[in-house]
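Source file: input_36.cif (mmCIF, C-alpha atoms)
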data_run
#
loop_
_atom_site.label_atom_id
_atom_site.label_comp_id
_atom_site.auth_asym_id
_atom_site.auth_seq_id
_atom_site.Cartn_x
_atom_site.Cartn_y
_atom_site.Cartn_z
CA MET Q 10 187.50 -95.59 -43.97
CA SER Q 11 189.14 -93.54 -46.69
CA ALA Q 12 192.33 -94.57 -48.43
CA PRO Q 13 195.52 -92.85 -47.31
CA THR Q 14 196.35 -89.75 -49.29
CA GLU Q 15 199.82 -88.86 -50.49
CA SER Q 16 200.21 -86.51 -47.54
CA THR Q 17 199.29 -89.20 -45.00
CA ARG Q 18 201.76 -91.64 -46.54
CA GLU Q 19 204.47 -89.01 -46.21
CA GLY Q 20 203.34 -88.31 -42.65
CA SER Q 21 203.85 -91.95 -41.70
CA LEU Q 22 207.56 -91.60 -42.48
CA GLU Q 23 208.06 -88.94 -39.85
CA ALA Q 24 209.32 -89.71 -36.34
CA PRO Q 25 206.54 -91.03 -34.10
CA LEU Q 26 205.01 -88.47 -31.77
CA ARG Q 27 203.50 -89.31 -28.39
CA HIS Q 28 200.70 -87.07 -27.15
CA ALA Q 29 200.32 -86.24 -23.47
CA LEU Q 30 197.70 -88.24 -21.58
CA ASP Q 31 194.70 -86.02 -20.85
CA TRP Q 32 193.80 -88.16 -17.84
CA ARG Q 33 192.47 -85.31 -15.71
CA ASN Q 34 189.85 -84.38 -18.31
CA PRO Q 35 186.41 -85.78 -17.33
CA GLN Q 36 185.81 -86.74 -20.98
CA PHE Q 37 188.76 -89.12 -20.71
CA TYR Q 38 186.51 -91.37 -18.59
CA ASP Q 39 183.34 -90.97 -20.68
CA GLU Q 40 182.52 -94.53 -21.77
CA GLN Q 41 180.49 -93.53 -24.82
CA ASN Q 42 183.33 -91.34 -26.05
CA LEU Q 43 185.82 -94.13 -25.32
CA PHE Q 44 183.85 -96.69 -27.32
CA ALA Q 45 183.59 -94.33 -30.28
CA GLU Q 46 187.38 -94.06 -30.32
CA LEU Q 47 187.82 -97.83 -29.81
CA GLU Q 48 185.56 -98.45 -32.81
CA ARG Q 49 187.49 -95.96 -34.94
CA VAL Q 50 190.87 -97.47 -34.07
CA PHE Q 51 189.72 -101.11 -34.24
CA ASN Q 52 188.38 -100.50 -37.75
CA ILE Q 53 191.74 -99.18 -38.87
CA CYS Q 54 193.54 -102.10 -37.22
CA HIS Q 55 191.16 -104.54 -38.94
CA GLY Q 56 192.04 -103.04 -42.32
CA CYS Q 57 195.77 -103.23 -41.66
CA ARG Q 58 196.52 -106.26 -39.45
CA ARG Q 59 200.27 -105.69 -39.38
CA CYS Q 60 200.28 -106.33 -35.60
CA PHE Q 61 198.76 -109.83 -35.78
CA ASN Q 62 201.94 -111.44 -34.40
CA LEU Q 63 202.49 -109.22 -31.37
CA CYS Q 64 200.46 -109.57 -28.16
CA ASN Q 65 197.14 -111.43 -28.00
CA ALA Q 66 195.07 -108.23 -28.15
CA PHE Q 67 195.21 -108.21 -31.94
CA PRO Q 68 194.35 -111.90 -32.55
CA THR Q 69 191.46 -111.47 -30.09
CA LEU Q 70 190.13 -108.59 -32.17
CA PHE Q 71 190.77 -110.13 -35.59
CA ASP Q 72 189.38 -113.57 -34.66
CA ALA Q 73 186.20 -111.95 -33.34
CA ILE Q 74 185.75 -110.01 -36.59
CA ASP Q 75 186.43 -113.10 -38.72
CA ALA Q 76 183.90 -115.10 -36.69
CA SER Q 77 181.19 -112.44 -36.91
CA ASP Q 78 178.21 -112.59 -39.30
CA THR Q 79 179.30 -109.44 -41.13
CA LEU Q 80 183.06 -110.15 -41.15
CA GLU Q 81 183.42 -106.54 -40.04
CA LEU Q 82 183.73 -104.81 -36.69
CA ASP Q 83 180.02 -103.97 -36.62
CA GLY Q 84 179.31 -107.67 -36.10
CA VAL Q 85 181.47 -107.91 -32.96
CA PRO Q 86 179.79 -107.67 -29.51
CA LYS Q 87 181.02 -104.74 -27.45
CA GLN Q 88 182.11 -107.08 -24.63
CA VAL Q 89 184.86 -108.29 -26.96
CA TYR Q 90 186.30 -104.77 -26.87
CA TRP Q 91 187.04 -105.28 -23.18
CA ASN Q 92 188.66 -108.64 -23.96
CA VAL Q 93 191.02 -106.85 -26.35
CA VAL Q 94 191.82 -104.32 -23.63
CA ASP Q 95 192.57 -107.07 -21.11
CA HIS Q 96 195.08 -108.70 -23.44
CA CYS Q 97 197.07 -105.49 -23.96
CA TYR Q 98 199.88 -105.25 -21.43
CA LEU Q 99 201.31 -102.00 -22.80
CA CYS Q 100 204.56 -103.32 -24.25
CA ASP Q 101 204.33 -100.46 -26.82
CA MET Q 102 205.73 -102.60 -29.62
CA CYS Q 103 202.78 -101.92 -31.93
CA PHE Q 104 203.32 -98.18 -31.58
CA MET Q 105 207.10 -98.37 -31.86
CA THR Q 106 207.69 -101.00 -34.52
CA LYS Q 107 204.57 -101.83 -36.52
CA CYS Q 108 201.88 -99.18 -36.82
CA PRO Q 109 202.17 -96.85 -39.85
CA TYR Q 110 199.42 -94.57 -38.54
CA VAL Q 111 200.96 -93.22 -35.35
CA PRO Q 112 201.10 -89.44 -34.86
CA PRO Q 113 201.89 -87.21 -36.72
CA HIS Q 114 199.89 -89.28 -39.23
CA GLU Q 115 196.42 -87.76 -39.51
CA TRP Q 116 194.76 -90.98 -38.32
CA ASN Q 117 196.52 -90.40 -35.00
CA LEU Q 118 196.70 -93.97 -33.66
CA ASP Q 119 198.25 -94.73 -30.28
CA PHE Q 120 196.88 -98.18 -29.59
CA PRO Q 121 198.67 -98.74 -26.23
CA HIS Q 122 197.52 -95.44 -24.78
CA LEU Q 123 193.98 -96.04 -25.98
CA MET Q 124 194.10 -99.37 -24.14
CA LEU Q 125 195.50 -97.53 -21.13
CA ARG Q 126 192.58 -95.12 -21.26
CA ALA Q 127 190.16 -98.06 -21.36
CA LYS Q 128 191.89 -99.64 -18.36
CA ALA Q 129 191.50 -96.35 -16.49
CA VAL Q 130 187.77 -96.27 -17.31
CA LYS Q 131 187.45 -99.86 -16.13
CA PHE Q 132 189.32 -99.10 -12.90
CA ARG Q 133 187.17 -96.05 -12.17
CA LYS Q 134 184.05 -98.17 -12.69
CA GLY Q 135 185.35 -100.56 -10.01
CA GLU Q 136 185.63 -103.47 -12.44
CA VAL Q 137 189.04 -104.64 -11.26
CA ARG Q 138 189.66 -107.87 -9.36
CA GLY Q 139 191.12 -107.85 -5.85
CA ARG Q 140 193.87 -110.11 -7.16
CA ASP Q 141 194.99 -107.46 -9.64
CA LYS Q 142 195.05 -104.77 -6.97
CA LEU Q 143 197.13 -107.09 -4.78
CA LEU Q 144 199.61 -108.01 -7.51
CA THR Q 145 200.24 -104.36 -8.33
CA SER Q 146 200.74 -103.32 -4.69
CA THR Q 147 204.44 -104.12 -4.89
CA ASP Q 148 205.57 -101.97 -1.97
CA ARG Q 149 203.01 -103.43 0.41
CA VAL Q 150 203.46 -107.05 -0.65
CA GLY Q 151 207.24 -106.75 -0.69
CA SER Q 152 207.46 -105.20 2.78
CA LEU Q 153 205.24 -107.90 4.29
CA ALA Q 154 206.77 -110.83 2.42
CA GLY Q 155 210.24 -109.52 3.21
CA ILE Q 156 209.89 -110.14 6.95
CA PRO Q 157 212.45 -112.93 7.69
CA VAL Q 158 210.10 -115.69 8.83
CA VAL Q 159 207.42 -114.65 6.34
CA ALA Q 160 209.88 -114.61 3.42
CA GLN Q 161 210.98 -118.18 4.15
CA ALA Q 162 207.39 -119.35 4.50
CA VAL Q 163 206.21 -117.60 1.33
CA ASN Q 164 209.11 -118.90 -0.77
CA ALA Q 165 208.61 -122.46 0.51
CA ALA Q 166 204.83 -122.36 0.08
CA ASN Q 167 205.07 -121.07 -3.49
CA LYS Q 168 206.87 -124.29 -4.45
CA LEU Q 169 204.24 -126.62 -3.00
CA LYS Q 170 201.63 -127.98 -5.42
CA PRO Q 171 198.75 -127.92 -2.89
CA VAL Q 172 199.48 -124.26 -2.09
CA ARG Q 173 199.70 -123.38 -5.78
CA ALA Q 174 196.41 -125.17 -6.40
CA LEU Q 175 194.85 -123.09 -3.62
CA LEU Q 176 196.28 -119.86 -5.09
CA ASP Q 177 194.82 -120.86 -8.43
CA LYS Q 178 191.39 -121.48 -6.95
CA THR Q 179 191.22 -118.45 -4.65
CA LEU Q 180 193.20 -115.77 -6.48
CA GLY Q 181 193.52 -117.02 -10.04
CA ILE Q 182 197.33 -117.36 -9.91
CA HIS Q 183 198.31 -120.01 -12.46
CA PRO Q 184 199.97 -123.02 -10.76
CA GLU Q 185 202.74 -123.26 -13.37
CA ALA Q 186 203.74 -119.59 -13.34
CA ILE Q 187 207.11 -118.90 -11.72
CA LEU Q 188 206.52 -116.57 -8.78
CA PRO Q 189 209.31 -114.27 -7.57
CA GLU Q 190 211.13 -115.14 -4.39
CA TYR Q 191 211.27 -112.66 -1.51
CA HIS Q 192 214.36 -111.75 0.48
CA SER Q 193 214.42 -110.53 4.04
CA ALA Q 194 217.94 -109.26 3.34
CA THR Q 195 216.65 -106.68 0.88
CA LEU Q 196 218.97 -104.58 -1.24
CA ARG Q 197 218.27 -101.53 0.90
CA LYS Q 198 219.15 -103.52 4.04
CA ARG Q 199 222.32 -104.85 2.42
CA LEU Q 200 223.44 -101.42 1.28
CA GLY Q 201 221.75 -99.30 3.93
CA ASN Q 202 225.06 -98.02 5.31
CA HIS Q 203 226.78 -97.95 1.96
CA GLN Q 204 228.91 -94.87 1.43
CA PRO Q 205 230.10 -93.81 -2.03
CA LYS Q 206 233.76 -94.67 -2.48
CA ALA Q 207 236.05 -91.71 -2.77
CA ALA Q 208 237.00 -91.19 -6.39
CA LEU Q 209 237.90 -88.43 -8.76
CA ILE Q 210 234.52 -87.55 -10.22
CA GLU Q 211 234.81 -87.15 -13.97
CA ALA Q 212 232.04 -86.18 -16.34
CA ALA Q 213 231.78 -88.02 -19.63
CA GLY Q 214 229.37 -86.72 -22.25
CA PRO Q 215 226.02 -86.16 -20.53
CA THR Q 216 227.02 -88.31 -17.53
CA ARG Q 217 228.30 -86.42 -14.51
CA GLY Q 218 230.21 -89.31 -12.98
CA LYS Q 219 228.33 -90.07 -9.77
CA VAL Q 220 225.14 -92.10 -9.51
CA ALA Q 221 222.17 -92.54 -7.20
CA LEU Q 222 220.56 -95.97 -7.47
CA PHE Q 223 216.77 -96.21 -7.58
CA THR Q 224 216.56 -99.79 -6.32
CA THR Q 225 213.01 -100.56 -7.62
CA CYS Q 226 210.56 -102.83 -5.78
CA TYR Q 227 211.69 -105.92 -7.64
CA GLY Q 228 215.38 -105.12 -7.24
CA ASN Q 229 214.94 -104.45 -3.54
CA TYR Q 230 212.67 -107.32 -2.45
CA ASN Q 231 212.95 -110.04 -5.08
CA GLU Q 232 216.44 -110.09 -6.61
CA PRO Q 233 218.70 -107.84 -4.53
CA GLN Q 234 221.78 -109.47 -6.02
CA ILE Q 235 221.18 -107.56 -9.27
CA GLY Q 236 221.53 -104.24 -7.45
CA ALA Q 237 224.59 -105.48 -5.61
CA ASP Q 238 226.16 -106.46 -8.95
CA LEU Q 239 225.33 -103.01 -10.35
CA VAL Q 240 227.03 -101.30 -7.42
CA ALA Q 241 230.13 -103.50 -7.81
CA VAL Q 242 230.42 -102.79 -11.55
CA PHE Q 243 229.96 -99.04 -11.18
CA GLU Q 244 232.44 -98.79 -8.31
CA HIS Q 245 234.95 -100.83 -10.28
CA ASN Q 246 234.67 -98.11 -12.91
CA ASP Q 247 235.35 -95.40 -10.31
CA ILE Q 248 231.76 -94.15 -10.33
CA PRO Q 249 230.68 -93.18 -6.80
CA ILE Q 250 227.26 -94.68 -6.13
CA ARG Q 251 224.69 -94.28 -3.38
CA LEU Q 252 221.09 -95.28 -2.81
CA VAL Q 253 218.18 -92.91 -3.29
CA GLY Q 254 217.38 -92.01 0.32
CA LYS Q 255 213.72 -92.94 0.22
CA GLU Q 256 211.61 -94.30 -2.59
CA ARG Q 257 208.23 -95.72 -3.53
CA CYS Q 258 207.30 -98.04 -6.38
CA CYS Q 259 207.86 -96.21 -9.68
CA GLY Q 260 204.12 -96.59 -10.41
CA MET Q 261 204.29 -98.79 -13.50
CA PRO Q 262 202.18 -101.65 -12.03
CA LYS Q 263 199.43 -99.21 -11.03
CA LEU Q 264 199.64 -97.47 -14.41
CA GLU Q 265 199.00 -100.78 -16.18
CA LEU Q 266 196.03 -101.33 -13.88
CA GLY Q 267 194.59 -97.94 -14.84
CA ASP Q 268 194.93 -96.55 -11.31
CA PHE Q 269 196.24 -93.10 -12.22
CA ASP Q 270 195.61 -91.65 -8.76
CA ALA Q 271 197.99 -94.22 -7.26
CA VAL Q 272 200.56 -93.31 -9.91
CA ALA Q 273 200.25 -89.65 -8.92
CA ILE Q 274 200.81 -90.52 -5.24
CA ALA Q 275 203.97 -92.50 -6.11
CA LYS Q 276 205.16 -89.66 -8.32
CA ASP Q 277 204.69 -87.14 -5.51
CA ALA Q 278 206.81 -89.33 -3.22
CA ASN Q 279 209.61 -90.10 -5.70
CA ILE Q 280 210.15 -87.01 -7.82
CA PRO Q 281 211.18 -84.61 -5.01
CA GLN Q 282 213.71 -87.18 -3.76
CA LEU Q 283 215.19 -87.63 -7.21
CA THR Q 284 215.28 -83.96 -8.17
CA ALA Q 285 217.09 -83.10 -4.93
CA LEU Q 286 219.79 -85.61 -5.85
CA ILE Q 287 219.98 -84.33 -9.41
CA ASP Q 288 220.38 -80.78 -8.17
CA ASP Q 289 223.24 -82.05 -5.99
CA GLY Q 290 225.06 -83.42 -9.04
CA TRP Q 291 223.91 -87.05 -9.06
CA ASP Q 292 222.68 -88.98 -12.09
CA ILE Q 293 219.94 -91.58 -11.52
CA VAL Q 294 220.14 -95.23 -12.56
CA ALA Q 295 217.61 -98.06 -12.08
CA PRO Q 296 218.21 -101.75 -12.89
CA VAL Q 297 214.71 -102.63 -14.21
CA PRO Q 298 213.81 -101.30 -17.71
CA SER Q 299 210.13 -100.74 -16.89
CA CYS Q 300 211.04 -98.44 -14.00
CA VAL Q 301 213.41 -96.38 -16.15
CA LEU Q 302 210.72 -96.16 -18.83
CA MET Q 303 208.20 -94.96 -16.25
CA PHE Q 304 210.35 -91.94 -15.46
CA LYS Q 305 211.53 -91.40 -19.04
CA GLN Q 306 208.18 -91.66 -20.82
CA GLU Q 307 205.01 -92.35 -18.88
CA LEU Q 308 205.29 -89.81 -16.08
CA PRO Q 309 206.29 -87.01 -18.50
CA LEU Q 310 203.23 -87.88 -20.62
CA MET Q 311 200.97 -87.85 -17.56
CA PHE Q 312 202.49 -84.65 -16.16
CA PRO Q 313 203.73 -82.74 -19.22
CA ASP Q 314 203.89 -79.38 -17.42
CA ASP Q 315 205.80 -80.58 -14.37
CA ALA Q 316 209.36 -79.25 -14.55
CA GLN Q 317 210.59 -81.65 -11.86
CA VAL Q 318 209.29 -84.67 -13.78
CA ALA Q 319 211.09 -83.37 -16.88
CA LYS Q 320 214.30 -82.95 -14.88
CA VAL Q 321 214.18 -86.60 -13.77
CA ARG Q 322 213.35 -87.71 -17.33
CA ASP Q 323 216.57 -86.09 -18.54
CA ALA Q 324 218.79 -87.46 -15.76
CA ILE Q 325 217.74 -91.12 -15.43
CA TYR Q 326 219.56 -93.86 -17.28
CA ASP Q 327 219.49 -97.55 -18.00
CA PRO Q 328 222.71 -98.89 -16.40
CA PHE Q 329 224.18 -100.13 -19.68
CA GLU Q 330 223.24 -96.90 -21.43
CA TYR Q 331 225.24 -95.12 -18.73
CA LEU Q 332 228.25 -97.41 -19.01
CA ILE Q 333 228.41 -97.19 -22.81
CA LEU Q 334 228.22 -93.38 -22.65
CA ARG Q 335 231.22 -93.51 -20.31
CA HIS Q 336 233.01 -95.89 -22.66
CA LYS Q 337 232.51 -93.58 -25.65
CA HIS Q 338 234.36 -90.89 -23.75
CA GLY Q 339 237.20 -93.11 -22.57
CA LYS Q 340 236.00 -93.42 -18.97
CA LEU Q 341 235.22 -97.14 -18.77
CA LYS Q 342 237.56 -99.88 -17.65
CA THR Q 343 237.94 -102.88 -19.95
CA ASP Q 344 240.18 -104.94 -17.67
CA PHE Q 345 238.04 -108.05 -18.06
CA LYS Q 346 239.36 -111.23 -16.48
CA GLN Q 347 236.97 -113.81 -17.92
CA SER Q 348 235.29 -114.45 -21.26
CA LEU Q 349 231.53 -115.01 -21.26
CA GLY Q 350 231.50 -117.25 -24.34
CA THR Q 351 228.14 -117.06 -26.09
CA VAL Q 352 225.20 -115.21 -24.55
CA ALA Q 353 221.61 -115.51 -25.74
CA TYR Q 354 220.38 -112.05 -24.83
CA HIS Q 355 216.67 -111.19 -24.71
CA VAL Q 356 215.96 -107.49 -25.27
CA PRO Q 357 212.92 -106.47 -23.15
CA CYS Q 358 210.16 -104.46 -24.83
CA HIS Q 359 210.37 -101.69 -22.25
CA LEU Q 360 214.06 -101.30 -23.05
CA ARG Q 361 213.46 -101.22 -26.81
CA VAL Q 362 210.85 -98.49 -26.31
CA GLN Q 363 213.51 -96.22 -24.81
CA ASN Q 364 215.16 -95.92 -28.24
CA ILE Q 365 218.69 -96.10 -26.87
CA GLY Q 366 219.87 -99.01 -29.01
CA LEU Q 367 221.28 -102.33 -27.81
CA LYS Q 368 223.60 -100.93 -25.15
CA THR Q 369 223.62 -104.14 -23.11
CA LYS Q 370 224.77 -106.10 -26.14
CA ASP Q 371 227.38 -103.47 -26.93
CA MET Q 372 228.71 -103.62 -23.38
CA LEU Q 373 228.89 -107.41 -23.10
CA GLN Q 374 230.62 -107.66 -26.47
CA LEU Q 375 233.47 -105.55 -25.12
CA VAL Q 376 234.43 -108.65 -23.14
CA PRO Q 377 237.07 -110.54 -25.18
CA GLY Q 378 235.93 -113.89 -26.53
CA THR Q 379 232.25 -113.05 -26.03
CA GLN Q 380 229.51 -113.28 -28.65
CA VAL Q 381 226.03 -111.95 -27.93
CA GLN Q 382 222.99 -113.12 -29.87
CA ALA Q 383 220.22 -110.55 -29.40
CA ILE Q 384 216.60 -111.73 -29.38
CA GLU Q 385 214.20 -108.85 -30.06
CA ARG Q 386 210.89 -110.57 -29.28
CA CYS Q 387 208.44 -110.08 -26.44
CA SER Q 388 208.60 -112.57 -23.57
CA GLY Q 389 204.89 -112.10 -22.83
CA HIS Q 390 205.45 -111.65 -19.09
CA ASP Q 391 204.60 -108.03 -18.22
CA GLY Q 392 205.08 -108.52 -14.47
CA THR Q 393 201.53 -109.74 -13.77
CA TYR Q 394 200.03 -110.93 -17.08
CA ALA Q 395 201.99 -114.19 -17.11
CA VAL Q 396 201.04 -115.24 -13.58
CA LYS Q 397 197.28 -114.88 -14.03
CA ARG Q 398 195.27 -118.05 -14.61
CA GLU Q 399 193.42 -116.70 -17.65
CA PHE Q 400 196.54 -115.40 -19.41
CA HIS Q 401 199.45 -117.66 -18.44
CA GLU Q 402 199.17 -120.16 -21.28
CA ILE Q 403 198.83 -117.34 -23.81
CA SER Q 404 201.86 -115.62 -22.32
CA MET Q 405 203.90 -118.81 -22.75
CA LYS Q 406 202.77 -119.02 -26.38
CA ILE Q 407 203.99 -115.45 -26.93
CA CYS Q 408 207.30 -116.41 -25.29
CA LYS Q 409 207.79 -119.58 -27.36
CA PRO Q 410 209.77 -117.91 -30.19
CA VAL Q 411 212.16 -116.49 -27.57
CA VAL Q 412 212.52 -119.89 -25.91
CA ASN Q 413 213.17 -121.49 -29.31
CA ARG Q 414 215.89 -118.95 -30.09
CA VAL Q 415 217.57 -119.58 -26.74
CA THR Q 416 217.44 -123.34 -27.31
CA GLN Q 417 218.79 -123.08 -30.86
CA SER Q 418 221.62 -120.78 -29.78
CA ASN Q 419 223.18 -123.46 -27.57
CA ALA Q 420 224.64 -120.51 -25.66
CA ASP Q 421 226.73 -120.63 -22.51
CA HIS Q 422 224.36 -118.17 -20.84
CA TYR Q 423 220.92 -116.73 -21.44
CA SER Q 424 220.00 -113.35 -20.08
CA SER Q 425 217.53 -110.46 -20.08
CA ASP Q 426 217.68 -106.97 -18.60
CA CYS Q 427 214.17 -107.70 -17.28
CA PRO Q 428 214.58 -110.36 -14.57
CA MET Q 429 210.91 -111.36 -14.86
CA ALA Q 430 211.34 -111.98 -18.58
CA GLY Q 431 214.37 -114.11 -17.74
CA HIS Q 432 212.23 -116.33 -15.51
CA GLN Q 433 209.53 -116.49 -18.17
CA ILE Q 434 212.15 -117.93 -20.53
CA GLU Q 435 213.24 -120.31 -17.75
CA ASN Q 436 209.64 -121.47 -17.47
CA GLY Q 437 209.57 -122.17 -21.20
CA LEU Q 438 212.90 -124.00 -21.27
CA ARG Q 439 212.11 -126.30 -18.32
CA ASP Q 440 215.61 -127.77 -18.41
CA GLY Q 441 216.95 -126.57 -15.07
CA ARG Q 442 218.99 -123.71 -16.52
CA GLN Q 443 218.45 -120.37 -14.85
CA PRO Q 444 218.79 -116.88 -16.34
CA GLU Q 445 221.75 -114.69 -15.45
CA HIS Q 446 221.20 -110.97 -15.44
CA PRO Q 447 223.52 -108.95 -17.73
CA LEU Q 448 224.87 -107.06 -14.71
CA THR Q 449 225.78 -110.37 -13.09
CA LEU Q 450 227.50 -111.51 -16.28
CA LEU Q 451 229.41 -108.23 -16.49
CA ARG Q 452 230.52 -108.48 -12.88
CA ASN Q 453 231.73 -112.03 -13.52
CA ALA Q 454 233.62 -110.86 -16.60
CA TYR Q 455 235.40 -108.22 -14.50
CA GLY Q 456 236.16 -110.87 -11.87
CA ILE Q 457 235.04 -108.65 -9.01
#
Can you give me the file's structure in the form of structure tokens?
Amino acid sequence: MSAPTESTREGSLEAPLRHALDWRNPQFYDEQNLFAELERVFNICHGCRRCFNLCNAFPTLFDAIDASDTLELDGVPKQVYWNVVDHCYLCDMCFMTKCPYVPPHEWNLDFPHLMLRAKAVKFRKGEVRGRDKLLTSTDRVGSLAGIPVVAQAVNAANKLKPVRALLDKTLGIHPEAILPEYHSATLRKRLGNHQPKAALIEAAGPTRGKVALFTTCYGNYNEPQIGADLVAVFEHNDIPIRLVGKERCCGMPKLELGDFDAVAIAKDANIPQLTALIDDGWDIVAPVPSCVLMFKQELPLMFPDDAQVAKVRDAIYDPFEYLILRHKHGKLKTDFKQSLGTVAYHVPCHLRVQNIGLKTKDMLQLVPGTQVQAIERCSGHDGTYAVKREFHEISMKICKPVVNRVTQSNADHYSSDCPMAGHQIENGLRDGRQPEHPLTLLRNAYGI
């Protein structure tokens, strides 16, 4: 590996560039070609090691090299390559915050998307467990578990040690992982007849002043109160809001599994719905950062020539991004009734990747008497990684610095835009305190 030239050092100071995913090219799935690229990238990572303290993919690689006879990558068995791939859960933090060799640097490293390519090769080879297919089938599982009697039974069973031991033995679901609850009164059922309140629609900056809510699988089936809080906050600010008429999972779980065909099916169901709303003057908002990121980044990289995908990319917002844009143009109410005190606020990786800044922190700090302590560390959850038997303990180790920061803050509340990350922190604290979503905190501050 040659030393960086002056031109490559200058290149590393440019804004990172993300290449489109060439996933329809047959060579994308050529295993020999894949392993040649894995070897090239792993050698560069070995010589750098700046990402040693991120996810467990990098320690897995570096420990294997350090334990080899040659102390170089050529002494590492190829099976270890797959172990590295399995530990990457596509948080994107190496690309966004650590790696000096991302495009347009001539070494052209995009570690997360190389791992994504490897996951796609693995999926196409059929080397994916039934458990992983089940965990990523969020629409199917949610609709079944959301049946009233079934929801009660599932939620009760998930708290019983014998049942959790059985799930561990049969599916590989770690018995100490917090599993999401299911609600028969889903968000879509709660708001199914919801009509946007009449209001004078006022644009503010890029926002057009009326919003369609993409509920997300998690927001619909698992924590519908978050969506209800979002609706209350937006309506308090005279923003008419409605539900997207029909939606599928955004596709992020299947993307992380490497099932690109399933992602394409979800895209074909969602994008026409969303573009029709956009053409009718509605902006799109979703309460889960990973879902917003899917439409903002991953789908445009998978379908770079699709004009409808680009239209959704430009019209979808994180809820706090939207509210702060309104505030900057004098269109946000600040009639808060209650201070929040101190808030230990975890910033999810998939929110940081959006490069919009700490809008949630900015919004909460508008509340008088409120101090927000931001924690920019990964929780290690990733939706499915933390619940799997083979990864749970590692995920909790990754989360430990976040848990320590929450404990040391002695805050009145702890919170994360990602509700799953919030429960991961809860699992680390083990003191009975539960996370409160930022939208819930904001609604409480308004007293609505």
### Query
Written as a ChimeraX atom specification, what is the full residue list that the PyMOL selection byres ((chain Q and resi 437-449) around 8) yields on the file shown?
/Q:235,238-239,242,369,373,405,408-409,412,416,422-428,431-436,450-453
Provide an axis-aligned box for all listed atoms of range 76-94 of chain Q, padding each side by 8 Å; report its centre and its edge lengths in Å to one decimal, as AutoDock Vina command-line options.
--center_x 185.0 --center_y -109.5 --center_z -32.2 --size_x 29.6 --size_y 27.1 --size_z 34.0
#### Entry: Target residues per the PyMOL selection byres ((chain Q and resi 387-389) around 6), formatted as a VMD selection string
chain Q and resid 386 390 404 407 to 408 430
Just C-alpha atoms for this one: save the residues we selected as a PDB file, in the frame of the given file.
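Saved the output as selection.pdb:
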ATOM      1  CA  ARG Q 386     210.890-110.570 -29.280  1.00  0.00           C
ATOM      2  CA  HIS Q 390     205.450-111.650 -19.090  1.00  0.00           C
ATOM      3  CA  SER Q 404     201.860-115.620 -22.320  1.00  0.00           C
ATOM      4  CA  ILE Q 407     203.990-115.450 -26.930  1.00  0.00           C
ATOM      5  CA  CYS Q 408     207.300-116.410 -25.290  1.00  0.00           C
ATOM      6  CA  ALA Q 430     211.340-111.980 -18.580  1.00  0.00           C
TER       7      ALA Q 430
END
### Task
Report the distance between CA of Arg199 in chain Q and CA of Arg251 in chain Q in Å, rounded to one decimal place.
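Computing the Euclidean distance for CA of Arg199 in chain Q and CA of Arg251 in chain Q yields 12.3 Å.
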### Query
Can you list, as an MDAnalysis selection string, every protein, DNA or RNA residue that comes within 12 Å of Pro68 in chain Q when you count only C-alpha atoms, leaving out same-chain residues fewer than 5 positions away?
chainID Q and resid 51 54:55 58:63 73:76 89 92:94 96:97 403 407
### Message
Could you check the closest approach to Val376 in chain Q for each of Q:Lys342, Q:His401, Q:Lys276, Q:Arg361 and tell me which residue wins, using all atoms listed in the file?
### Response
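For Val376 in chain Q, the nearest of the candidates is Q:Lys342.
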### Message
as a list in words, please: the residues near Thr343 in chain Q (cut-off 10 Å, all atoms listed in the file, same-chain neighbours under 4 positions excluded).
### Response
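Listing them by chain and then by number gives Asn246, His336, Met372, Leu375, Val376, Pro377, Ala454 and Tyr455 of chain Q.
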Answer key for the PyMOL selection byres ((chain Q and resi 244) around 12), residues as a tab-separated table (two decimals) with C-alpha atoms, keeping the file's coordinate frame:
chain	number	residue	atom	x	y	z
Q	203	HIS	CA	226.78	-97.95	1.96
Q	204	GLN	CA	228.91	-94.87	1.43
Q	205	PRO	CA	230.10	-93.81	-2.03
Q	206	LYS	CA	233.76	-94.67	-2.48
Q	207	ALA	CA	236.05	-91.71	-2.77
Q	208	ALA	CA	237.00	-91.19	-6.39
Q	209	LEU	CA	237.90	-88.43	-8.76
Q	210	ILE	CA	234.52	-87.55	-10.22
Q	218	GLY	CA	230.21	-89.31	-12.98
Q	219	LYS	CA	228.33	-90.07	-9.77
Q	220	VAL	CA	225.14	-92.10	-9.51
Q	237	ALA	CA	224.59	-105.48	-5.61
Q	238	ASP	CA	226.16	-106.46	-8.95
Q	239	LEU	CA	225.33	-103.01	-10.35
Q	240	VAL	CA	227.03	-101.30	-7.42
Q	241	ALA	CA	230.13	-103.50	-7.81
Q	242	VAL	CA	230.42	-102.79	-11.55
Q	243	PHE	CA	229.96	-99.04	-11.18
Q	245	HIS	CA	234.95	-100.83	-10.28
Q	246	ASN	CA	234.67	-98.11	-12.91
Q	247	ASP	CA	235.35	-95.40	-10.31
Q	248	ILE	CA	231.76	-94.15	-10.33
Q	249	PRO	CA	230.68	-93.18	-6.80
Q	250	ILE	CA	227.26	-94.68	-6.13
Q	251	ARG	CA	224.69	-94.28	-3.38
Q	332	LEU	CA	228.25	-97.41	-19.01
Q	341	LEU	CA	235.22	-97.14	-18.77
Q	342	LYS	CA	237.56	-99.88	-17.65
Q	452	ARG	CA	230.52	-108.48	-12.88
Q	455	TYR	CA	235.40	-108.22	-14.50
Q	457	ILE	CA	235.04	-108.65	-9.01
### Message
Using all atoms listed in the file, can you tell me which of Q:Glu265, Q:Asp344, Q:Asp95, Q:Glu232 comes closest to Phe67 in chain Q?
### Response
Q:Asp95
